[in-house]
Amino acid sequence: MSGPPFYPNRSDPSSLRPYTSLMKTIIEPFRIKSVEPIRMTTIDERQNALKKAHYNLFAIPSEDVMIDLLTDSGTGAMSSEQWAGIMRGDESYAGAPSWYRFRDVVENITGMSNILPTHQGRASERLLVEVMIGHGGAGKGKIVPNNAHFDTTRANIEHSGCATIDLLTPEGQDPNSDAPFKGNMDLDALENLLSERAADVPFVMITITCNSIGGQPVSLENMKAVRKICDKYNKPFILDACRFAENAWFIKQREPGQQDRSVEDIAREQFDLCDGSTISAKKDGMVNIGGVLLFRDQEQFVAASNLLILTEGFMTYGGLAGRDLEAMAVGFQEVLSEDYLRYRIRSTEYLGEKLLEAGIQIVRPAGGHAIYIDAAHFCPHIPPNEFPGQTLAVALYEAGGIRSCEIGSVMMGEHAHMELVRLAIPRRTYTQSHIDYVIEIIKEVKANASSLPGYRISEEPAALRHFTAKFEQVVHANA
Ligand SMILES: *Cc1c(COP(=O)(O)O)cnc(C)c1O
């Protein structure tokens, strides 16, 4: 991981202790206390596994995966402090000390006191939709704008009959733009939508960082402008804050005037701008399971609490064990460590840099939690209706046991902005040599890309088809 030159200028007498600030290698800011073996597999084994799975990587047993970059969701390593919290967990049905610790941490970070724990992000989304839109077709004729909806967010909103729309800026949709805040919402488009259909919009949502287009951040300036537009039309502003800490780090690095602020401070300002928030703690909460739902409004909070009790559990545990609340309480604090965030964002960028050097097109600049390969560029002989992203994802598994995730026409259907393959980096889980192996395999697949087959879907469910669809290969003449 390159940086400024390692050797200090020895002729400069003022550089008395020059080494610390000139480190060239950003090391993982942790050591490994417990290990989980990786089973090495052969190409034959992997080809068999693919056939059995009908070429759907979600159907591959994880023991047959060597480097699992399917998602950064719930796949991170917990710290020794989090495991200590697990032992401290109190399993009382109501009012456990674990709940109070969790509540205090979340209130401290977000400034919001109407806090509900949920078992994961989509449970928060379901409750949000039921409280703010309704259920059983109540959303018909309505529409929710977002910079770009995450797949479960979109599915939950559309389940109510409500439509969804993504209002990304033109540079957010251009994989070759190096704009610093490609997750920003298109403010003119939002203003237009609200000026024409204000009565149909139950709330405005922004996703930080924007998962669907590459973990790209949203600037404070953009969120402030969205707040203003929401105020003008009297609309609630909801934050999908799964990666609130990574977004705050990007703001500190990239937004003029933010460099001297702490990430806590920036994170807090993000939350101060919104009226409510859904969070999957499986991302920046650094836990394997958990979520949060936040409301500024007391009535909405009470309505959501009642629904939570109906389907998730009592308000002080929300479908989780007390120990899970402890792990979240610690995780939400650890994620705001600047040493951690510097390593986290830099290590993702390192993967992106090496792929660019190898002539592989990725969504630029590197995202926070993932690198997205432009599969249409990688496999130019595969048309979108044969899913170039699926082609590449399957090839990476076949060649190196690497599991990635298609984010293109398979996952997004007609909402696809690009044909992408996401390499999501679990938090604190893989070392630099694992990533170097990934780079090596991708280069090898690239050298053989023209012989890769396309895919067609042979079976699919009604919604979220990428999880369970079955595929067949479409072999091309030159293959
Ligand atoms: C993961 C994610 C969700 C959904 O959270 P789950 O915990 O997987 O249910 C929602 N929005 C974004 C941006 C996400 O990344």
# chains A, B, ... in the order shown; residues from 1 in each chain; ligands from 1
$ select_by_dssp --residues "range 79-206 of chain A" --states "strand (DSSP E)" --output "VMD selection string"
chain A and resid 114 to 118 143 to 146 163 to 166 204 to 206
$ select_by_dssp --residues "range 189-378 of chain A" --states "helix (DSSP H, G or I)" --output "PyMOL selection string"
chain A and resi 189-200+211-213+220-233+244-254+263-272+298-311+322-334+338-357+375-378
$ residues_near_ligand --ligand "ligand 1" --cutoff "7 Å" --atoms "only C-alpha atoms and all ligand atoms" --output "count of residues only"
21
$ residues_around --residues "Ile266 in chain A" --least-positions-apart "6" --cutoff "9 Å" --atoms "only C-alpha atoms" --output "VMD selection string"
chain A and resid 220 245 248 to 249 251 to 252 258
$ residues_around --residues "Leu308 in chain A" --least-positions-apart "5" --cutoff "9 Å" --atoms "only C-alpha atoms" --output "mmCIF file with all heavy atoms, in the first residue's frame"
data_model
loop_
_atom_site.group_PDB
_atom_site.id
_atom_site.type_symbol
_atom_site.label_atom_id
_atom_site.label_comp_id
_atom_site.auth_asym_id
_atom_site.auth_seq_id
_atom_site.Cartn_x
_atom_site.Cartn_y
_atom_site.Cartn_z
ATOM 1 N N LEU A 116 -35.020 1.721 18.381
ATOM 2 C CA LEU A 116 -35.509 0.343 18.434
ATOM 3 C C LEU A 116 -34.447 -0.598 17.883
ATOM 4 O O LEU A 116 -33.918 -0.368 16.795
ATOM 5 C CB LEU A 116 -36.792 0.200 17.602
ATOM 6 C CG LEU A 116 -38.023 0.950 18.115
ATOM 7 C CD1 LEU A 116 -39.167 0.856 17.100
ATOM 8 C CD2 LEU A 116 -38.468 0.402 19.472
ATOM 9 N N PRO A 117 -34.130 -1.664 18.627
ATOM 10 C CA PRO A 117 -33.247 -2.681 18.058
ATOM 11 C C PRO A 117 -34.075 -3.609 17.170
ATOM 12 O O PRO A 117 -35.243 -3.876 17.462
ATOM 13 C CB PRO A 117 -32.730 -3.435 19.296
ATOM 14 C CG PRO A 117 -33.774 -3.240 20.345
ATOM 15 C CD PRO A 117 -34.545 -1.982 20.005
ATOM 16 N N THR A 118 -33.489 -4.066 16.068
ATOM 17 C CA THR A 118 -34.168 -5.028 15.188
ATOM 18 C C THR A 118 -33.165 -6.117 14.836
ATOM 19 O O THR A 118 -31.968 -5.944 15.068
ATOM 20 C CB THR A 118 -34.654 -4.371 13.879
ATOM 21 O OG1 THR A 118 -33.512 -3.856 13.176
ATOM 22 C CG2 THR A 118 -35.643 -3.248 14.141
ATOM 23 N N ALA A 123 -35.569 -5.624 8.641
ATOM 24 C CA ALA A 123 -36.650 -5.584 9.632
ATOM 25 C C ALA A 123 -36.957 -4.123 9.955
ATOM 26 O O ALA A 123 -38.130 -3.729 10.082
ATOM 27 C CB ALA A 123 -36.242 -6.350 10.893
ATOM 28 N N LEU A 127 -40.627 -2.191 9.136
ATOM 29 C CA LEU A 127 -41.360 -1.395 10.123
ATOM 30 C C LEU A 127 -41.520 0.043 9.641
ATOM 31 O O LEU A 127 -42.594 0.642 9.762
ATOM 32 C CB LEU A 127 -40.632 -1.421 11.469
ATOM 33 C CG LEU A 127 -40.553 -2.803 12.151
ATOM 34 C CD1 LEU A 127 -39.591 -2.760 13.332
ATOM 35 C CD2 LEU A 127 -41.925 -3.257 12.608
ATOM 36 N N ALA A 303 -45.798 3.854 17.135
ATOM 37 C CA ALA A 303 -46.415 2.941 16.157
ATOM 38 C C ALA A 303 -45.434 1.818 15.796
ATOM 39 O O ALA A 303 -45.804 0.638 15.739
ATOM 40 C CB ALA A 303 -46.827 3.717 14.911
ATOM 41 N N GLY A 313 -40.144 -8.679 18.747
ATOM 42 C CA GLY A 313 -39.890 -8.920 20.160
ATOM 43 C C GLY A 313 -40.074 -7.634 20.934
ATOM 44 O O GLY A 313 -40.330 -6.578 20.350
ATOM 45 N N PHE A 314 -39.915 -7.723 22.242
ATOM 46 C CA PHE A 314 -40.123 -6.551 23.092
ATOM 47 C C PHE A 314 -39.132 -5.443 22.726
ATOM 48 O O PHE A 314 -38.054 -5.694 22.193
ATOM 49 C CB PHE A 314 -39.986 -6.948 24.572
ATOM 50 C CG PHE A 314 -40.426 -5.865 25.517
ATOM 51 C CD1 PHE A 314 -41.723 -5.373 25.477
ATOM 52 C CD2 PHE A 314 -39.530 -5.337 26.440
ATOM 53 C CE1 PHE A 314 -42.122 -4.358 26.339
ATOM 54 C CE2 PHE A 314 -39.933 -4.324 27.307
ATOM 55 C CZ PHE A 314 -41.223 -3.833 27.261
ATOM 56 N N MET A 315 -39.537 -4.207 23.050
ATOM 57 C CA MET A 315 -38.757 -3.026 22.625
ATOM 58 C C MET A 315 -37.318 -3.001 23.121
ATOM 59 O O MET A 315 -36.492 -2.284 22.563
ATOM 60 C CB MET A 315 -39.431 -1.763 23.171
ATOM 61 C CG MET A 315 -40.731 -1.441 22.524
ATOM 62 S SD MET A 315 -41.741 -0.501 23.674
ATOM 63 C CE MET A 315 -40.719 0.959 23.880
ATOM 64 N N GLY A 318 -35.891 -6.453 20.673
ATOM 65 C CA GLY A 318 -36.188 -6.438 19.242
ATOM 66 C C GLY A 318 -35.730 -7.610 18.410
ATOM 67 O O GLY A 318 -35.145 -7.418 17.349
ATOM 68 N N GLY A 319 -35.960 -8.826 18.879
ATOM 69 C CA GLY A 319 -35.609 -9.983 18.058
ATOM 70 C C GLY A 319 -34.165 -10.409 18.175
ATOM 71 O O GLY A 319 -33.686 -11.267 17.422
#
$ residues_around --residues "Ser80 in chain A" --least-positions-apart "4" --cutoff "10 Å" --atoms "only C-alpha atoms" --output "PyMOL selection string"
chain A and resi 32-34+84-86
$ closest_residue --among "A:Pro202, A:Met132, A:Phe58, A:Asp272" --to "Lys224 in chain A" --atoms "only C-alpha atoms"
A:Asp272
$ residues_around --residues "Phe378 in chain A" --least-positions-apart "2" --cutoff "7 Å" --atoms "only C-alpha atoms" --output "PyMOL selection string"
chain A and resi 360+374-376+380+446
$ write_last_selection --atoms "all heavy atoms" --output "tab-separated table (two decimals), in the first residue's frame"
chain	number	residue	atom	x	y	z
A	360	ILE	N	-8.13	-3.28	-15.69
A	360	ILE	CA	-9.50	-3.75	-15.42
A	360	ILE	C	-10.33	-2.55	-14.98
A	360	ILE	O	-9.94	-1.83	-14.06
A	360	ILE	CB	-9.47	-4.86	-14.35
A	360	ILE	CG1	-8.83	-6.10	-14.97
A	360	ILE	CG2	-10.86	-5.15	-13.82
A	360	ILE	CD1	-8.18	-7.01	-13.98
A	374	ASP	N	-16.45	-3.41	-13.60
A	374	ASP	CA	-17.36	-3.17	-14.72
A	374	ASP	C	-17.35	-4.43	-15.60
A	374	ASP	O	-16.44	-4.64	-16.39
A	374	ASP	CB	-16.87	-1.94	-15.49
A	374	ASP	CG	-17.75	-1.60	-16.67
A	374	ASP	OD1	-18.60	-2.44	-17.06
A	374	ASP	OD2	-17.59	-0.50	-17.22
A	375	ALA	N	-18.37	-5.26	-15.43
A	375	ALA	CA	-18.39	-6.56	-16.10
A	375	ALA	C	-18.67	-6.42	-17.59
A	375	ALA	O	-18.24	-7.25	-18.39
A	375	ALA	CB	-19.44	-7.47	-15.45
A	376	ALA	N	-19.37	-5.35	-17.98
A	376	ALA	CA	-19.64	-5.15	-19.40
A	376	ALA	C	-18.32	-4.88	-20.13
A	376	ALA	O	-18.12	-5.31	-21.27
A	376	ALA	CB	-20.60	-3.98	-19.59
A	380	PRO	N	-16.83	-8.00	-22.97
A	380	PRO	CA	-17.57	-7.23	-23.98
A	380	PRO	C	-18.38	-8.09	-24.94
A	380	PRO	O	-19.29	-7.59	-25.60
A	380	PRO	CB	-16.47	-6.46	-24.73
A	380	PRO	CG	-15.20	-7.17	-24.43
A	380	PRO	CD	-15.37	-7.85	-23.11
A	446	LYS	N	-9.10	-12.40	-16.52
A	446	LYS	CA	-9.14	-11.36	-17.57
A	446	LYS	C	-8.44	-11.87	-18.84
A	446	LYS	O	-8.93	-11.65	-19.96
A	446	LYS	CB	-8.45	-10.09	-17.04
A	446	LYS	CG	-8.30	-8.98	-18.07
A	446	LYS	CD	-9.63	-8.30	-18.35
A	446	LYS	CE	-9.52	-7.24	-19.43
A	446	LYS	NZ	-10.83	-6.87	-19.98
$ residues_around --residues "range 47-49 of chain A" --least-positions-apart "2" --cutoff "10 Å" --atoms "only C-alpha atoms" --output "PyMOL selection string"
chain A and resi 42-45+51-57+59-61+64-65+394-395+397-399+401
$ write_last_selection --atoms "N, CA and C atoms" --output "short mmCIF file (atom, residue, chain, number, x, y, z; two decimals), in the first residue's frame"
data_model
loop_
_atom_site.label_atom_id
_atom_site.label_comp_id
_atom_site.auth_asym_id
_atom_site.auth_seq_id
_atom_site.Cartn_x
_atom_site.Cartn_y
_atom_site.Cartn_z
N THR A 42 -10.00 -27.56 -5.44
CA THR A 42 -9.44 -27.67 -6.79
C THR A 42 -10.45 -27.13 -7.80
N ILE A 43 -9.96 -26.89 -9.02
CA ILE A 43 -10.88 -26.40 -10.07
C ILE A 43 -12.00 -27.41 -10.32
N ASP A 44 -11.66 -28.71 -10.33
CA ASP A 44 -12.67 -29.75 -10.53
C ASP A 44 -13.79 -29.65 -9.49
N GLU A 45 -13.37 -29.53 -8.23
CA GLU A 45 -14.36 -29.43 -7.15
C GLU A 45 -15.25 -28.21 -7.35
N LYS A 51 -22.08 -26.49 -10.92
CA LYS A 51 -23.18 -27.19 -11.60
C LYS A 51 -24.31 -27.49 -10.62
N LYS A 52 -23.91 -27.99 -9.44
CA LYS A 52 -24.91 -28.31 -8.41
C LYS A 52 -25.71 -27.09 -8.00
N ALA A 53 -25.06 -25.93 -8.02
CA ALA A 53 -25.70 -24.69 -7.56
C ALA A 53 -26.46 -23.99 -8.68
N HIS A 54 -26.54 -24.61 -9.85
CA HIS A 54 -27.16 -23.99 -11.03
C HIS A 54 -26.55 -22.61 -11.28
N TYR A 55 -25.25 -22.52 -11.08
CA TYR A 55 -24.48 -21.30 -11.34
C TYR A 55 -24.97 -20.10 -10.54
N ASN A 56 -25.63 -20.37 -9.41
CA ASN A 56 -25.99 -19.28 -8.51
C ASN A 56 -25.06 -19.34 -7.30
N LEU A 57 -24.22 -18.33 -7.12
CA LEU A 57 -23.20 -18.38 -6.06
C LEU A 57 -23.81 -18.36 -4.66
N ALA A 59 -26.02 -20.31 -3.81
CA ALA A 59 -26.32 -21.72 -3.52
C ALA A 59 -25.06 -22.55 -3.30
N ILE A 60 -23.89 -21.92 -3.26
CA ILE A 60 -22.64 -22.65 -3.01
C ILE A 60 -22.40 -22.70 -1.49
N PRO A 61 -22.16 -23.91 -0.95
CA PRO A 61 -21.85 -23.96 0.50
C PRO A 61 -20.57 -23.16 0.78
N ASP A 64 -17.01 -24.41 0.57
CA ASP A 64 -16.39 -24.57 -0.75
C ASP A 64 -15.88 -23.25 -1.32
N VAL A 65 -15.90 -22.19 -0.50
CA VAL A 65 -15.43 -20.87 -0.94
C VAL A 65 -14.12 -20.58 -0.20
N VAL A 394 -19.16 -16.02 -11.80
CA VAL A 394 -18.99 -17.47 -11.86
C VAL A 394 -17.53 -17.80 -12.20
N ALA A 395 -16.92 -17.03 -13.11
CA ALA A 395 -15.54 -17.29 -13.51
C ALA A 395 -14.56 -17.09 -12.35
N TYR A 397 -15.16 -17.56 -9.24
CA TYR A 397 -15.29 -18.72 -8.35
C TYR A 397 -14.59 -19.94 -8.96
N GLU A 398 -14.84 -20.15 -10.24
CA GLU A 398 -14.25 -21.32 -10.90
C GLU A 398 -12.72 -21.25 -10.85
N ALA A 399 -12.17 -20.09 -11.16
CA ALA A 399 -10.72 -19.95 -11.25
C ALA A 399 -10.03 -19.94 -9.90
N GLY A 401 -11.92 -19.86 -6.47
CA GLY A 401 -12.70 -20.08 -5.25
C GLY A 401 -13.10 -18.77 -4.59
#
$ closest_residue --among "A:Leu320, A:Val292, A:Cys230, A:Leu70" --to "Pro145 in chain A" --atoms "only C-alpha atoms"
A:Cys230
$ closest_residue --among "A:Ala329, A:Leu167, A:Ala241, A:Ala225" --to "Asp104 in chain A" --atoms "only C-alpha atoms"
A:Ala329
$ closest_residue --among "A:Lys24, A:Lys232, A:Arg268, A:His149" --to "Phe244 in chain A" --atoms "only C-alpha atoms"
A:Arg268
$ closest_residue --among "A:Glu264, A:Asp178, A:Asp68, A:Glu91" --to "Leu423 in chain A" --atoms "only C-alpha atoms"
A:Asp68
